[in-house]
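final02.csv (CSV, C-alpha atoms)
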```csv
chain,number,residue,atom,x,y,z
F,629,LYS,CA,11.7,7.7,17.2
F,630,ASN,CA,8.3,9.2,18.0
F,631,SER,CA,7.3,8.2,21.5
F,632,LYS,CA,3.6,8.4,20.6
F,633,THR,CA,4.0,5.8,17.9
F,634,ILE,CA,2.4,2.5,18.7
F,635,THR,CA,4.8,-0.2,17.7
F,636,MET,CA,3.3,-2.6,15.1
F,637,LYS,CA,4.4,-5.7,13.3
F,638,ILE,CA,4.0,-5.0,9.6
F,639,ALA,CA,4.6,-7.4,6.7
F,640,VAL,CA,5.5,-5.6,3.4
F,641,VAL,CA,5.1,-7.4,0.1
F,642,GLY,CA,7.1,-5.7,-2.7
F,643,ALA,CA,9.6,-4.4,-0.1
F,644,THR,CA,12.6,-4.0,-2.5
F,645,GLY,CA,10.7,-1.8,-5.0
F,646,GLY,CA,10.9,2.0,-5.1
F,647,LEU,CA,8.0,2.6,-2.6
F,648,GLY,CA,8.6,-0.6,-0.6
F,649,GLN,CA,12.2,0.3,0.3
F,650,ARG,CA,11.1,3.7,1.6
F,651,VAL,CA,8.2,2.3,3.6
F,652,VAL,CA,10.5,-0.3,5.3
F,653,LYS,CA,13.2,2.2,6.1
F,654,GLN,CA,10.8,4.8,7.6
F,655,ALA,CA,8.7,2.3,9.4
F,656,ILE,CA,11.7,0.9,11.2
F,657,GLU,CA,12.9,4.4,12.0
F,658,CYS,CA,9.4,4.9,13.6
F,659,GLY,CA,10.0,1.8,15.8
F,660,HIS,CA,7.8,-0.7,13.9
F,661,VAL,CA,8.9,-4.3,13.3
F,662,ILE,CA,9.0,-5.0,9.6
F,663,THR,CA,8.9,-8.4,7.9
F,664,ALA,CA,9.8,-8.0,4.2
F,665,VAL,CA,8.3,-10.6,1.9
F,666,ILE,CA,10.9,-10.9,-0.8
F,667,ARG,CA,11.9,-13.1,-3.8
F,668,ASP,CA,15.7,-12.6,-3.5
F,669,SER,CA,17.4,-12.4,-0.1
F,670,ASP,CA,20.7,-11.1,-1.6
F,671,LYS,CA,19.0,-8.1,-3.2
F,672,ALA,CA,16.9,-7.4,-0.1
F,673,SER,CA,19.9,-7.6,2.2
F,674,ALA,CA,21.7,-5.0,-0.1
F,675,VAL,CA,18.8,-2.4,-0.1
F,676,LEU,CA,16.9,-2.9,3.2
F,677,PRO,CA,17.9,-1.9,6.7
F,678,LYS,CA,19.6,-4.7,8.7
F,679,GLU,CA,16.8,-4.7,11.2
F,680,THR,CA,14.4,-6.0,8.5
F,681,ILE,CA,13.1,-9.6,9.0
F,682,LEU,CA,13.3,-11.3,5.6
F,683,LYS,CA,10.9,-14.0,4.4
F,684,VAL,CA,11.6,-15.5,1.0
F,685,VAL,CA,8.5,-16.3,-1.1
F,686,PRO,CA,9.6,-17.1,-4.7
F,687,SER,CA,6.5,-15.7,-6.2
F,688,VAL,CA,3.1,-14.5,-5.0
F,689,ASP,CA,0.8,-17.3,-6.3
F,690,GLU,CA,-1.2,-20.3,-5.1
F,691,ALA,CA,1.9,-22.6,-5.3
F,692,ASN,CA,3.5,-20.5,-2.5
F,693,LEU,CA,0.4,-19.8,-0.5
F,694,SER,CA,1.7,-21.7,2.6
F,695,LEU,CA,5.0,-19.7,2.6
F,696,LEU,CA,2.9,-16.5,2.4
F,697,ILE,CA,0.7,-17.5,5.3
F,698,ASP,CA,3.8,-18.3,7.3
F,699,ALA,CA,5.2,-14.8,6.5
F,700,PHE,CA,2.0,-13.1,7.6
F,701,GLN,CA,1.6,-15.1,10.8
F,702,GLY,CA,1.6,-12.8,13.9
F,703,GLN,CA,1.6,-9.6,11.9
F,704,ASP,CA,-0.6,-6.6,12.9
F,705,CYS,CA,-0.9,-5.4,9.3
F,706,VAL,CA,0.0,-6.4,5.8
F,707,LEU,CA,1.0,-3.8,3.2
F,708,GLU,CA,1.3,-4.7,-0.5
F,709,VAL,CA,3.2,-2.6,-2.9
F,710,VAL,CA,3.8,-5.1,-5.7
F,711,ASP,CA,4.0,-4.1,-9.4
F,712,ASN,CA,1.1,-4.2,-11.8
F,713,ASN,CA,2.0,-7.6,-13.4
F,714,ASP,CA,-0.7,-10.1,-12.6
F,715,ARG,CA,-1.9,-7.7,-10.0
F,716,VAL,CA,-5.4,-9.1,-9.5
F,717,ALA,CA,-4.2,-12.7,-9.1
F,718,LYS,CA,-1.5,-11.6,-6.7
F,719,VAL,CA,-3.9,-9.6,-4.5
F,720,LYS,CA,-6.3,-12.5,-4.4
F,721,VAL,CA,-3.5,-14.8,-3.1
F,722,MET,CA,-2.3,-12.2,-0.6
F,723,ILE,CA,-5.9,-11.7,0.7
F,724,GLU,CA,-6.3,-15.5,1.0
F,725,ALA,CA,-3.0,-15.8,2.9
F,726,ALA,CA,-3.9,-12.8,5.2
F,727,THR,CA,-7.3,-14.2,5.9
F,728,THR,CA,-5.9,-17.6,6.8
F,729,ALA,CA,-3.2,-16.0,9.0
F,730,GLY,CA,-5.8,-14.0,10.9
F,731,ILE,CA,-4.6,-10.6,9.7
F,732,ASP,CA,-7.1,-7.8,10.6
F,733,LYS,CA,-5.5,-4.9,8.8
F,734,PHE,CA,-4.5,-4.9,5.1
F,735,ILE,CA,-3.3,-2.0,2.9
F,736,LEU,CA,-3.2,-2.4,-0.9
F,737,CYS,CA,-1.6,0.0,-3.3
F,738,GLY,CA,-3.5,1.8,-6.1
F,739,GLY,CA,-3.2,5.1,-7.8
F,740,ALA,CA,-4.6,8.6,-7.6
F,741,GLY,CA,-6.9,8.0,-10.6
F,742,THR,CA,-9.3,6.1,-8.3
F,743,LEU,CA,-9.8,9.1,-6.0
F,744,LYS,CA,-13.0,11.0,-6.1
F,745,MET,CA,-13.3,14.7,-7.0
F,746,SER,CA,-15.4,15.4,-3.9
F,747,SER,CA,-16.9,13.6,-0.9
F,748,ASP,CA,-20.3,13.6,-2.7
F,749,PRO,CA,-21.3,9.9,-3.2
F,750,SER,CA,-22.1,10.6,-6.9
F,751,SER,CA,-18.7,12.3,-7.5
F,752,LYS,CA,-16.7,11.3,-10.5
F,753,ARG,CA,-13.3,9.8,-10.1
F,754,LEU,CA,-10.1,11.6,-11.1
F,755,TYR,CA,-9.4,9.3,-14.1
F,756,GLU,CA,-12.9,10.1,-15.5
F,757,VAL,CA,-12.3,13.8,-15.4
F,758,LEU,CA,-8.7,13.7,-16.7
F,759,GLY,CA,-9.6,11.2,-19.6
F,760,ASP,CA,-6.5,10.8,-21.8
F,761,SER,CA,-5.1,14.3,-21.0
F,762,ILE,CA,-2.1,12.9,-19.2
F,763,GLY,CA,-1.8,9.7,-21.2
F,764,THR,CA,-3.9,6.8,-22.5
F,765,TRP,CA,-2.4,4.6,-19.7
F,766,LEU,CA,-4.4,6.3,-17.0
F,767,LYS,CA,-7.8,4.6,-17.6
F,768,PRO,CA,-6.6,0.9,-17.9
F,769,VAL,CA,-4.3,1.3,-14.9
F,770,THR,CA,-7.0,2.9,-12.8
F,771,LEU,CA,-9.5,0.2,-13.8
F,772,LEU,CA,-6.9,-2.4,-12.7
F,773,HIS,CA,-6.6,-0.6,-9.4
F,774,LEU,CA,-10.4,-0.5,-9.0
F,775,GLU,CA,-10.6,-4.3,-9.7
F,776,THR,CA,-8.0,-5.1,-7.1
F,777,GLN,CA,-9.8,-2.7,-4.7
F,778,GLN,CA,-13.0,-4.7,-5.2
F,779,VAL,CA,-11.2,-8.0,-4.4
F,780,ALA,CA,-9.7,-6.6,-1.2
F,781,PHE,CA,-12.8,-4.6,0.0
F,782,SER,CA,-15.1,-7.6,-0.5
F,783,SER,CA,-12.8,-9.8,1.7
F,784,THR,CA,-13.6,-10.7,5.3
F,785,ILE,CA,-10.5,-8.9,6.7
F,786,SER,CA,-11.7,-6.4,9.3
F,787,VAL,CA,-9.9,-3.3,8.0
F,788,VAL,CA,-8.9,-2.8,4.4
F,789,ALA,CA,-7.7,0.4,2.8
F,790,GLN,CA,-6.1,1.4,-0.5
F,791,ILE,CA,-3.3,3.9,-0.7
F,792,SER,CA,-3.8,5.9,-3.9
F,793,PRO,CA,-0.7,7.9,-4.6
F,794,PRO,CA,0.0,10.2,-7.5
F,795,GLY,CA,2.9,9.7,-9.9
F,796,MET,CA,6.0,8.9,-7.8
F,797,SER,CA,9.7,9.3,-8.2
F,798,ALA,CA,12.8,9.2,-6.0
F,799,GLY,CA,13.2,12.4,-4.0
F,800,LEU,CA,13.2,13.8,-0.5
F,801,LEU,CA,11.0,13.4,2.5
F,802,THR,CA,9.4,16.8,2.9
F,803,ASN,CA,7.0,16.0,5.8
F,804,THR,CA,4.5,18.2,4.1
F,805,PHE,CA,1.7,15.7,3.4
F,806,MET,CA,-0.9,13.9,5.5
F,807,PRO,CA,-3.5,11.3,4.6
F,808,ILE,CA,-7.0,12.2,3.4
F,809,LYS,CA,-9.9,9.9,2.8
F,810,ASP,CA,-11.2,9.1,-0.7
F,811,VAL,CA,-10.8,12.5,-2.4
F,812,THR,CA,-8.1,14.0,-4.7
F,813,THR,CA,-6.7,17.4,-3.5
F,814,GLY,CA,-4.9,18.0,-6.8
F,815,VAL,CA,-1.5,16.5,-5.8
F,816,MET,CA,-0.2,15.1,-9.1
F,817,SER,CA,3.2,14.0,-8.1
F,818,ALA,CA,5.1,13.1,-4.9
F,819,SER,CA,8.3,11.5,-3.8
F,820,TYR,CA,8.4,7.8,-2.8
F,821,GLU,CA,9.6,9.1,0.5
F,822,ASP,CA,6.5,11.3,1.1
F,823,VAL,CA,4.1,8.6,0.0
F,824,ALA,CA,5.8,6.2,2.4
F,825,ASP,CA,5.4,8.8,5.1
F,826,VAL,CA,1.6,9.1,4.4
F,827,ILE,CA,1.2,5.3,4.5
F,828,ILE,CA,3.0,5.1,7.9
F,829,GLN,CA,0.9,8.0,9.3
F,830,SER,CA,-2.3,6.2,8.3
F,831,VAL,CA,-1.5,2.8,9.8
F,832,PRO,CA,-2.3,3.5,13.5
F,833,THR,CA,-5.7,5.0,12.5
F,834,LEU,CA,-6.4,2.6,9.6
F,835,GLU,CA,-9.9,1.9,10.9
F,836,SER,CA,-10.9,5.5,9.9
F,837,TYR,CA,-10.0,4.6,6.3
F,838,ASN,CA,-11.8,1.2,6.3
F,839,ARG,CA,-13.0,0.2,2.8
F,840,SER,CA,-11.8,3.6,1.6
F,841,MET,CA,-8.9,5.1,-0.4
F,842,ILE,CA,-6.1,7.1,1.1
F,843,GLY,CA,-5.0,10.2,-0.8
F,844,LEU,CA,-2.4,12.9,-0.1
F,845,VAL,CA,-3.2,16.4,1.1
F,846,LEU,CA,-0.8,19.2,2.1
F,847,LYS,CA,-0.6,19.7,5.8
```
Here is a file; write its structure as structure tokens.
Amino acid sequence: KNSKTITMKIAVVGATGGLGQRVVKQAIECGHVITAVIRDSDKASAVLPKETILKVVPSVDEANLSLLIDAFQGQDCVLEVVDNNDRVAKVKVMIEAATTAGIDKFILCGGAGTLKMSSDPSSKRLYEVLGDSIGTWLKPVTLLHLETQQVAFSSTISVVAQISPPGMSAGLLTNTFMPIKDVTTGVMSASYEDVADVIIQSVPTLESYNRSMIGLVLK
């Protein structure tokens, strides 16, 4: 445990997914208190550390809004790492729940395609430069991430940031990356473990990424 870490209460939605599991594990190792918002408590118990507080919300939608508000109550930060199915609708509900629960820090997940090529305000985004060169999926997925970004950034929550990782796969925690604001540094792939590490590094100083994207840069 790092003695300099400020212990925070963080709710993670999508906690049993590839990235979610790693965030929960590493955050608990850093001394944070994690509430996992999950659909299935049996699955969650099997894959998450025993210290994780579990809150069952059958699905992220208006019908379960009160359960979501309850899960977010008293948290310092909400992190969402849900999949792309009905993503815009899910983010709207999470923002509504977080706002009602008085949350002042919210991190949503996006992708590296949204990152800018430079800090110049007129800079193109990575997806515009790459076009279809890595696949026709990049543009629609990035536009989806930009749409959810707009939903979150236009909310009344004090501090909102979007983690924008490159392609992710299971791997090792290399401790070689740190967060960078808004720009791509050419990192095209990373382990779930390293992306989780960058998210956790950014949480204590999230104000400096307010209404911005968080990319990865080599230390």
Closest to F:Thr742 among F:Glu756, F:Asp670, F:Glu679, F:Asp714, using all atoms listed in the file?
F:Glu756
Could you list, as a PyMOL selection string, every residue within 12 Å of F:Gln654, counting all atoms listed in the file and ignoring same-chain residues fewer than 3 positions away?
chain F and resi 629-630+647-651+657-662+676-677+679-680+801+803+820-829
Quick one: pull the distance between atom CA of F:Leu682 and atom CA of F:Ile842, Å, one decimal.
27.1 Å
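Proximity of F:Lys683, F:Lys733, F:Arg667, F:Arg715 to F:Leu774, computed with all atoms listed in the file, is greatest for F:Arg715.
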Using all atoms listed in the file for the distances, tell me which of F:Leu693, F:Ile762, F:Leu844, F:Leu772 is nearest to F:Asn713.
F:Leu772
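What separates atom CA of F:Val675 from atom CA of F:Gly645 is a distance of 9.5 Å.
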Distance criterion (only C-alpha atoms): nearest to F:Asn838 out of F:Thr802, F:Ser673, F:Ser797, F:Ser783
F:Ser783
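Of the listed residues (F:Ile638, F:Asp711, F:Ala729, F:Cys705), F:Cys705 comes nearest to F:Glu835; the distances count only C-alpha atoms.
Shortest atom-to-atom contact with F:Ser840 among F:Pro807, F:Pro686, F:Gly759, F:Gly646: F:Pro807, counting all atoms listed in the file.
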For F:Ser792, find every residue with an atom within 7 Å (counting all atoms listed in the file), except residues of its own chain fewer than 4 positions away, and show them as a VMD selection string.
chain F and resid 737 to 740 841 to 843
Keeping only C-alpha atoms, write those residues as a PDB file, in the coordinates of the input.
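The result, stored in again.pdb:
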```
ATOM      1  CA  CYS F 737      -1.600   0.000  -3.300  1.00  0.00           C
ATOM      2  CA  GLY F 738      -3.500   1.800  -6.100  1.00  0.00           C
ATOM      3  CA  GLY F 739      -3.200   5.100  -7.800  1.00  0.00           C
ATOM      4  CA  ALA F 740      -4.600   8.600  -7.600  1.00  0.00           C
ATOM      5  CA  MET F 841      -8.900   5.100  -0.400  1.00  0.00           C
ATOM      6  CA  ILE F 842      -6.100   7.100   1.100  1.00  0.00           C
ATOM      7  CA  GLY F 843      -5.000  10.200  -0.800  1.00  0.00           C
TER       8      GLY F 843
END
```
Pick out the residues sitting within 12 Å of stretch 719-725 of chain F, and hand them over as number ranges by chain; count only C-alpha atoms, and ignore anything fewer than 5 positions along from it in its own chain.
F: 639-642, 665, 685, 687-701, 703, 705-714, 730-738, 772-773, 775-788, 790
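Between atom CA of F:Ile666 and atom CA of F:Thr770 the interatomic distance comes to 25.6 Å.
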With a distance cut-off of 9 Å and only C-alpha atoms, select the neighbouring residues of F:Lys744, excluding the residue or stretch itself and same-chain residues fewer than 5 positions from it, and output the selection as a PyMOL selection string.
chain F and resi 749+751-755+810-812
Go ahead and save the residues from that selection, with C-alpha atoms, as a PDB file, in the frame of the given file.
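Contents of the output file result.pdb:
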```pdb
ATOM      1  CA  PRO F 749     -21.300   9.900  -3.200  1.00  0.00           C
ATOM      2  CA  SER F 751     -18.700  12.300  -7.500  1.00  0.00           C
ATOM      3  CA  LYS F 752     -16.700  11.300 -10.500  1.00  0.00           C
ATOM      4  CA  ARG F 753     -13.300   9.800 -10.100  1.00  0.00           C
ATOM      5  CA  LEU F 754     -10.100  11.600 -11.100  1.00  0.00           C
ATOM      6  CA  TYR F 755      -9.400   9.300 -14.100  1.00  0.00           C
ATOM      7  CA  ASP F 810     -11.200   9.100  -0.700  1.00  0.00           C
ATOM      8  CA  VAL F 811     -10.800  12.500  -2.400  1.00  0.00           C
ATOM      9  CA  THR F 812      -8.100  14.000  -4.700  1.00  0.00           C
TER      10      THR F 812
END
```
F:Thr813 environment, 9 Å, all atoms listed in the file, sequence neighbours closer than 4 positions dropped, as a PyMOL selection string:
chain F and resi 745-746+808+843-846
